[in-house]
Each structure stands twice: as structure tokens, then as C-alpha cells.
$ cat target.txt   # compact mmCIF, C-alpha atoms
# COMPACT_ATOMS: atom_id res chain seq x y z
CA MET S 1 208.97 -81.96 184.12
CA LYS S 2 209.32 -83.97 187.34
CA LEU S 3 205.77 -85.23 186.95
CA PHE S 4 206.51 -86.30 183.37
CA ARG S 5 209.59 -88.23 184.52
CA TYR S 6 207.66 -89.74 187.42
CA ILE S 7 205.14 -91.16 184.94
CA PHE S 8 207.26 -91.80 181.83
CA SER S 9 210.37 -93.35 183.44
CA PRO S 10 208.55 -96.28 185.12
CA LEU S 11 206.62 -96.99 181.92
CA TRP S 12 209.83 -97.02 179.88
CA LYS S 13 211.53 -99.28 182.46
CA ILE S 14 208.70 -101.78 182.20
CA TRP S 15 209.06 -101.66 178.41
CA PHE S 16 212.83 -102.12 178.77
CA VAL S 17 212.39 -105.15 181.06
CA LEU S 18 210.09 -106.73 178.48
CA TRP S 19 212.68 -106.27 175.74
CA PHE S 20 215.34 -107.65 178.07
CA THR S 21 213.34 -110.68 179.19
CA VAL S 22 211.38 -111.89 176.15
CA PRO S 23 214.39 -112.13 173.76
CA PHE S 24 216.36 -113.85 176.53
CA LEU S 25 213.66 -116.48 176.95
CA LEU S 26 213.54 -117.03 173.20
CA LEU S 27 217.32 -117.34 172.99
CA PHE S 28 217.73 -119.37 176.17
CA PRO S 29 217.66 -122.84 174.54
CA LEU S 30 220.56 -121.77 172.29
CA PHE S 31 222.39 -120.18 175.23
CA TYR S 32 221.98 -123.32 177.31
CA LEU S 33 223.17 -125.69 174.61
CA ALA S 34 226.17 -123.47 173.82
CA LEU S 35 227.08 -123.18 177.51
CA ARG S 36 226.75 -126.91 178.16
CA THR S 37 228.90 -127.77 175.13
CA LYS S 38 231.41 -125.01 175.98
CA LYS S 39 230.93 -123.21 172.67
CA PHE S 40 231.72 -119.89 174.31
CA ASP S 41 232.30 -118.05 171.03
CA LEU S 42 228.68 -118.81 170.16
CA VAL S 43 227.53 -117.71 173.63
CA PHE S 44 229.18 -114.32 173.14
CA LYS S 45 227.73 -113.93 169.64
CA LEU S 46 224.29 -114.65 171.06
CA LYS S 47 224.89 -112.05 173.77
CA ARG S 48 225.71 -109.55 171.04
CA VAL S 49 222.46 -110.36 169.22
CA TRP S 50 220.54 -110.09 172.49
CA ALA S 51 222.14 -106.70 173.26
CA ARG S 52 221.21 -105.34 169.83
CA VAL S 53 217.61 -106.52 170.18
CA ILE S 54 217.34 -104.88 173.63
CA CYS S 55 218.67 -101.60 172.26
CA PHE S 56 216.48 -101.68 169.17
CA GLY S 57 213.34 -102.42 171.13
CA SER S 58 213.94 -99.91 173.91
CA PHE S 59 215.13 -97.11 171.58
CA LEU S 60 218.69 -96.95 172.90
CA TYR S 61 221.37 -96.11 170.34
CA PRO S 62 224.80 -96.48 171.96
CA VAL S 63 227.68 -94.66 170.28
CA VAL S 64 231.14 -96.15 170.79
CA SER S 65 234.18 -93.98 170.05
CA TYR S 66 237.88 -94.63 170.52
CA GLN S 67 240.61 -92.57 172.15
CA SER S 68 242.90 -92.77 169.12
CA LYS S 69 241.46 -95.03 166.45
CA LYS S 70 239.20 -98.06 166.24
CA TYR S 71 241.01 -101.34 166.84
CA SER S 72 240.45 -104.99 167.65
CA LEU S 73 240.88 -105.57 171.35
CA PRO S 74 243.90 -107.65 172.37
CA ARG S 75 243.00 -111.21 173.26
CA PRO S 76 243.05 -111.91 176.11
CA CYS S 77 242.90 -108.68 178.06
CA VAL S 78 241.37 -107.16 181.18
CA ILE S 79 238.64 -104.66 180.31
CA VAL S 80 238.21 -102.04 183.04
CA SER S 81 235.43 -99.47 183.11
CA ASN S 82 233.46 -97.25 185.44
CA HIS S 83 230.11 -98.65 186.54
CA THR S 84 227.17 -96.24 186.25
CA SER S 85 224.27 -98.43 185.16
CA TYR S 86 223.24 -101.98 184.30
CA LEU S 87 223.45 -100.75 180.72
CA ASP S 88 227.25 -100.84 181.06
CA ILE S 89 227.03 -104.63 180.88
CA ILE S 90 224.54 -104.73 178.02
CA PHE S 91 226.66 -102.41 175.85
CA THR S 92 229.94 -104.30 176.36
CA PRO S 93 229.46 -106.64 173.33
CA PHE S 94 229.29 -103.55 171.11
CA TYR S 95 233.03 -102.92 171.54
CA VAL S 96 234.40 -106.28 172.70
CA ASP S 97 235.00 -108.41 169.62
CA HIS S 98 235.79 -111.77 171.23
CA VAL S 99 234.74 -113.95 174.16
CA ALA S 100 234.81 -112.15 177.49
CA VAL S 101 233.41 -112.95 180.92
CA TRP S 102 232.01 -110.69 183.59
CA ILE S 103 232.69 -110.74 187.30
CA GLY S 104 229.27 -110.22 188.90
CA LYS S 105 227.70 -110.28 192.34
CA TYR S 106 226.85 -113.75 193.61
CA GLU S 107 223.16 -112.84 194.02
CA LEU S 108 222.84 -113.32 190.25
CA LEU S 109 223.11 -117.06 190.85
CA LYS S 110 219.66 -116.89 192.42
CA ILE S 111 217.97 -115.70 189.21
CA PRO S 112 216.31 -118.61 187.37
CA LEU S 113 217.80 -119.40 183.93
CA PHE S 114 220.12 -116.36 184.03
CA ARG S 115 222.19 -118.13 186.67
CA TYR S 116 223.54 -120.55 184.04
CA PHE S 117 225.84 -117.85 182.68
CA PHE S 118 227.58 -117.88 186.06
CA VAL S 119 227.47 -121.65 186.42
CA TYR S 120 229.25 -122.26 183.11
CA LEU S 121 231.07 -119.10 182.06
CA ASP S 122 230.91 -115.85 184.06
CA ILE S 123 232.38 -115.44 187.54
CA PRO S 124 230.23 -114.79 190.64
CA VAL S 125 231.77 -113.10 193.68
CA ASN S 126 230.62 -112.17 197.15
CA ARG S 127 232.83 -109.18 197.89
CA LYS S 128 231.99 -109.39 201.61
CA LYS S 129 233.88 -112.68 201.86
CA ASN S 130 237.65 -112.65 201.35
CA THR S 131 237.65 -116.31 200.35
CA ASP S 132 235.09 -115.59 197.62
CA ALA S 133 237.09 -112.64 196.34
CA HIS S 134 240.24 -114.77 196.22
CA LYS S 135 238.41 -117.54 194.32
CA ALA S 136 237.05 -115.00 191.82
CA PHE S 137 240.60 -113.71 191.29
CA THR S 138 241.90 -117.25 190.74
CA ASP S 139 239.02 -118.11 188.38
CA SER S 140 239.69 -114.91 186.42
CA GLY S 141 243.29 -115.97 185.97
CA LYS S 142 242.15 -119.34 184.63
CA LYS S 143 239.88 -117.60 182.11
CA ILE S 144 242.79 -115.51 180.86
CA ASP S 145 244.92 -118.65 180.61
CA ALA S 146 242.14 -120.06 178.41
CA HIS S 147 242.41 -116.99 176.15
CA ILE S 148 239.19 -115.44 177.48
CA SER S 149 239.12 -111.77 178.41
CA VAL S 150 237.70 -110.52 181.71
CA VAL S 151 235.44 -107.49 182.26
CA ILE S 152 235.86 -105.88 185.68
CA TYR S 153 234.27 -102.83 187.29
CA PRO S 154 236.92 -101.80 189.84
CA GLU S 155 234.57 -99.50 191.77
CA GLY S 156 232.86 -102.67 192.98
CA THR S 157 229.39 -101.13 192.83
CA ILE S 158 227.21 -98.91 190.65
CA SER S 159 227.58 -95.16 190.99
CA GLU S 160 224.04 -93.78 190.96
CA SER S 161 225.14 -90.26 189.99
CA GLY S 162 227.80 -91.21 187.45
CA ARG S 163 230.57 -89.87 189.69
CA LEU S 164 233.72 -91.96 189.65
CA LYS S 165 234.40 -93.86 192.88
CA LEU S 166 237.71 -95.17 194.16
CA PHE S 167 239.12 -98.22 192.38
CA LYS S 168 240.00 -101.51 194.04
CA ASN S 169 243.29 -103.20 193.12
CA GLY S 170 242.04 -106.57 191.83
CA ALA S 171 241.75 -105.81 188.10
CA PHE S 172 245.20 -104.26 187.95
CA LYS S 173 246.84 -106.99 190.00
CA LEU S 174 245.27 -109.57 187.66
CA ALA S 175 246.50 -107.86 184.49
CA ILE S 176 250.02 -107.53 185.87
CA GLU S 177 250.16 -111.08 187.20
CA LYS S 178 249.05 -112.46 183.82
CA GLN S 179 251.05 -109.84 181.83
CA VAL S 180 248.05 -109.02 179.63
CA PRO S 181 246.95 -105.55 178.47
CA ILE S 182 244.32 -103.47 180.21
CA VAL S 183 241.68 -101.80 178.04
CA PRO S 184 240.15 -98.79 179.85
CA VAL S 185 236.55 -97.87 179.00
CA ALA S 186 234.63 -94.75 180.00
CA ASN S 187 230.84 -95.02 180.23
CA LEU S 188 229.95 -91.36 179.88
CA ASN S 189 226.20 -91.13 180.35
CA ASN S 190 224.62 -94.57 180.64
CA TRP S 191 223.12 -93.62 183.99
CA HIS S 192 221.08 -90.89 182.31
CA PHE S 193 219.09 -93.63 180.55
CA LEU S 194 218.88 -96.35 183.21
CA GLN S 195 219.83 -95.18 186.67
CA ASN S 196 220.28 -97.35 189.71
CA GLY S 197 217.95 -96.30 192.52
CA GLY S 198 214.26 -96.05 193.30
CA PHE S 199 211.93 -97.26 190.56
CA PHE S 200 210.03 -93.97 190.44
CA LYS S 201 212.87 -91.61 191.39
CA SER S 202 215.65 -92.77 189.05
CA ASN S 203 216.17 -92.04 185.36
CA GLY S 204 214.74 -94.29 182.70
CA ARG S 205 214.38 -93.21 179.09
CA PRO S 206 215.51 -93.85 175.50
CA GLY S 207 218.40 -91.94 173.97
CA ILE S 208 222.03 -92.04 172.86
CA PRO S 209 224.44 -93.46 175.45
CA GLN S 210 228.10 -92.66 174.76
CA ILE S 211 231.13 -94.83 175.48
CA VAL S 212 234.83 -94.14 174.93
CA VAL S 213 237.29 -97.04 174.56
CA GLY S 214 240.84 -96.11 175.51
CA ASP S 215 244.08 -97.38 174.01
CA PRO S 216 245.29 -100.71 175.43
CA ILE S 217 247.84 -100.34 178.24
CA SER S 218 250.63 -102.90 178.19
CA THR S 219 251.61 -104.54 181.47
CA GLN S 220 254.67 -106.30 180.08
CA GLY S 221 257.50 -106.09 182.62
CA MET S 222 255.28 -104.64 185.35
CA THR S 223 255.26 -106.09 188.86
CA GLU S 224 253.02 -105.63 191.89
CA LYS S 225 254.98 -102.45 192.61
CA ASN S 226 253.28 -100.93 189.55
CA ILE S 227 249.68 -101.64 190.64
CA THR S 228 249.07 -98.13 192.02
CA GLU S 229 250.65 -96.47 188.98
CA LEU S 230 248.54 -98.56 186.59
CA LYS S 231 245.36 -97.98 188.57
CA GLU S 232 245.93 -94.21 188.58
CA LYS S 233 246.54 -94.21 184.83
CA VAL S 234 243.22 -95.91 184.12
CA TYR S 235 241.39 -93.77 186.68
CA THR S 236 242.79 -90.59 185.13
CA PHE S 237 241.73 -91.61 181.62
CA ILE S 238 238.14 -92.29 182.69
CA GLN S 239 237.94 -89.17 184.84
CA GLU S 240 239.24 -86.96 182.04
CA GLU S 241 236.73 -88.42 179.56
CA LEU S 242 233.91 -87.75 182.03
CA TYR S 243 235.11 -84.15 182.49
CA LYS S 244 235.29 -83.61 178.72
CA PHE S 245 231.78 -84.93 178.30
CA MET S 246 230.37 -82.73 181.07
CA GLU S 247 232.01 -79.66 179.51
CA LYS S 248 230.26 -80.15 176.15

$ encode --input "target.txt" --output "C-alpha cells"
Amino acid sequence: MKLFRYIFSPLWKIWFVLWFTVPFLLLFPLFYLALRTKKFDLVFKLKRVWARVICFGSFLYPVVSYQSKKYSLPRPCVIVSNHTSYLDIIFTPFYVDHVAVWIGKYELLKIPLFRYFFVYLDIPVNRKKNTDAHKAFTDSGKKIDAHISVVIYPEGTISESGRLKLFKNGAFKLAIEKQVPIVPVANLNNWHFLQNGGFFKSNGRPGIPQIVVGDPISTQGMTEKNITELKEKVYTFIQEELYKFMEK
């Protein structure tokens, strides 16, 4: 079994990268024009098309379920989820139904062509620099003021084993300061299909990733005194969904 994974996983990852890269290159002229002309609704629709093509070509069939019932996400809002795989980002347009931006590591600015997302729309951050983190927080607030939602992974890094790490305060402080709802999202098993880690040692395979979207949490009337309470509420939701999945 280990030998099969050692051989199959790298081959599938190469196949996945092809289905990630080739459609992006084909769509890039449209992405660039939409970004330059600030047609961000079109940018997000193109991202949704790109995500579906990636999934179709790499045999990934994400299933999105809802805590209570399916709903349209409040606009704007802060979308908070655990971070287990790069697939977490790719699958976001499957449940976000309007323009949203990601806060991503500043190294992404070094990637040719892809960097334009962060030049014109998404928000880069170097978490090692307090000034960078503060600027990212301020820029996120401006996006919300412009009626654009923000996707944040409060663990700050990818969990290679899918275990939930401690949350940072930024996402919850932002939602409270702007008095917008938080939408908690649990990525249950994305890391089973594309795991962060060594190219030969980590998981890589097709399958059915599962995601649970929680009910929106209102922040109306909350102050900074409620940051810990709000953070714990979101953490508990995601942790409980992970426990339920593991018990199946």
C-alpha cells in the first residue's frame, strides 16, 4: 500500500498541477482584463469556473453541506475556516456566492502572473512583520467597506495532519470592528486528497472532499471584549464537525 501511494500520489499531483496551470493560463487574459478594469464580480465568476475545471480534470468531487440549511452568504462577511490543504482555497467558490478576497502569504507575489490577484484584489501579508499584519488588517477593513467579503484562515498556516491549531484573533477582531457576520467553515478531509508536506510522502489522490458551512454568527453589538468568546464559538463548531466526521 505504501509503495502504491509512493508511486501514485506524485503522478496524481503532477496531473493536478497540469489541471491547475493550463486552465489558468488560458483564462489569464480574461482575469487580467477584469482585474485591471476592477470588474471583481467577473474575476470571482472566472475563479469559480477555474475551480470547477480543476476538480473535473483531477477527479475531485467536493461535497458542501450546511449546518442547518443552505443559504446565501451575507454580504459582506468574514469567512473563517480551518486550513488543511491548498484545496481549501480552490473549493471556496463552491460555497461563496459573491466576491470575496483571500489573505495569503506575501511569497505569492513572487509567482509570475498569479501575483496579479494580489496586486489588484487579494491581500498579501508577511505574518513575521507586525507592520505587514497591521496593513493587511486595514486593507481587509477597506474590502469590507467596499462590500467585499474576506476569507481568513485563523490558524495562520496549513495543518498537515488535519488537526485544528490555535486561532489568532485577527479575523474575529475584524468582524467585530466592522460589525459584519462571521461564517464558520469546516474543511473535514481536504488534506486526505492534497496534503502539505514532502512530495513523495504526503497524500495526493482523487476523491470526495467534504466541507460543512456553519450558520452565520452575528457580531452586532459586540466589542473587543467579545473577541475571545467569538473565537471560541467558531473553534468549537469546527472542532465538533471534525470529531463527527472522524466518528463516522

$ closest_atom_pairs --input "target.txt" --of "segment 156-175 of chain S" --to "segment 67-79 of chain S" --cutoff "12 Å" --atoms "all atoms listed in the file" --output "CSV"
residue,atom,partner,partner_atom,distance
S:Gly170,CA,S:Val78,CA,10.7
S:Ala171,CA,S:Val78,CA,7.1
S:Phe172,CA,S:Val78,CA,8.3
S:Lys173,CA,S:Val78,CA,10.4
S:Leu174,CA,S:Val78,CA,7.9
S:Ala175,CA,S:Val78,CA,6.1

$ residues_around --input "target.txt" --residues "Ile238 of chain S" --least-positions-apart "3" --cutoff "7 Å" --atoms "only C-alpha atoms" --output "JSON, numbers by chain"
{"S": [185, 186, 234, 235, 241, 242]}

$ closest_residue --input "target.txt" --among "S:Asn189, S:Ile103, S:Ser58, S:Pro23" --to "Lys244 of chain S" --atoms "all atoms listed in the file"
S:Asn189

$ closest_residue --input "target.txt" --among "S:Lys168, S:His83, S:His192, S:Lys110" --to "Gly204 of chain S" --atoms "only C-alpha atoms"
S:His192

$ atom_distance --input "target.txt" --atom1 "atom CA of Lys142 of chain S" --atom2 "atom CA of Tyr95 of chain S"
22.9 Å

$ residues_near_point --input "target.txt" --point "(215.7, -110.0, 181.4)" --cutoff "12 Å" --atoms "all atoms listed in the file" --output "PyMOL selection string"
chain S and resi 13-28+50-51+53-54+86+90+108+111-115

$ closest_residue --input "target.txt" --among "S:Leu60, S:Trp191, S:Tyr6, S:Phe31" --to "Val43 of chain S" --atoms "only C-alpha atoms"
S:Phe31

$ closest_residue --input "target.txt" --among "S:Tyr120, S:Val180, S:Pro206, S:Gly197" --to "Asp145 of chain S" --atoms "only C-alpha atoms"
S:Val180

$ residues_around --input "target.txt" --residues "Gly221 of chain S" --least-positions-apart "6" --cutoff "12 Å" --atoms "only C-alpha atoms" --output "count of residues only"
7

$ residues_around --input "target.txt" --residues "Thr157 of chain S" --least-positions-apart "6" --cutoff "10 Å" --atoms "only C-alpha atoms" --output "PyMOL selection string"
chain S and resi 82-85+104-105+165

$ write_last_selection --input "target.txt" --atoms "C-alpha atoms" --output "short mmCIF file (atom, residue, chain, number, x, y, z; two decimals), in the frame of the given file"
data_model
loop_
_atom_site.label_atom_id
_atom_site.label_comp_id
_atom_site.auth_asym_id
_atom_site.auth_seq_id
_atom_site.Cartn_x
_atom_site.Cartn_y
_atom_site.Cartn_z
CA ASN S 82 233.46 -97.25 185.44
CA HIS S 83 230.11 -98.65 186.54
CA THR S 84 227.17 -96.24 186.25
CA SER S 85 224.27 -98.43 185.16
CA GLY S 104 229.27 -110.22 188.90
CA LYS S 105 227.70 -110.28 192.34
CA LYS S 165 234.40 -93.86 192.88
#

$ closest_residue --input "target.txt" --among "S:Ile152, S:Val96, S:Val125, S:Val80" --to "Arg48 of chain S" --atoms "all atoms listed in the file"
S:Val96

$ closest_residue --input "target.txt" --among "S:Lys47, S:Asn190, S:Ala146, S:Ala133" --to "Asn203 of chain S" --atoms "all atoms listed in the file"
S:Asn190
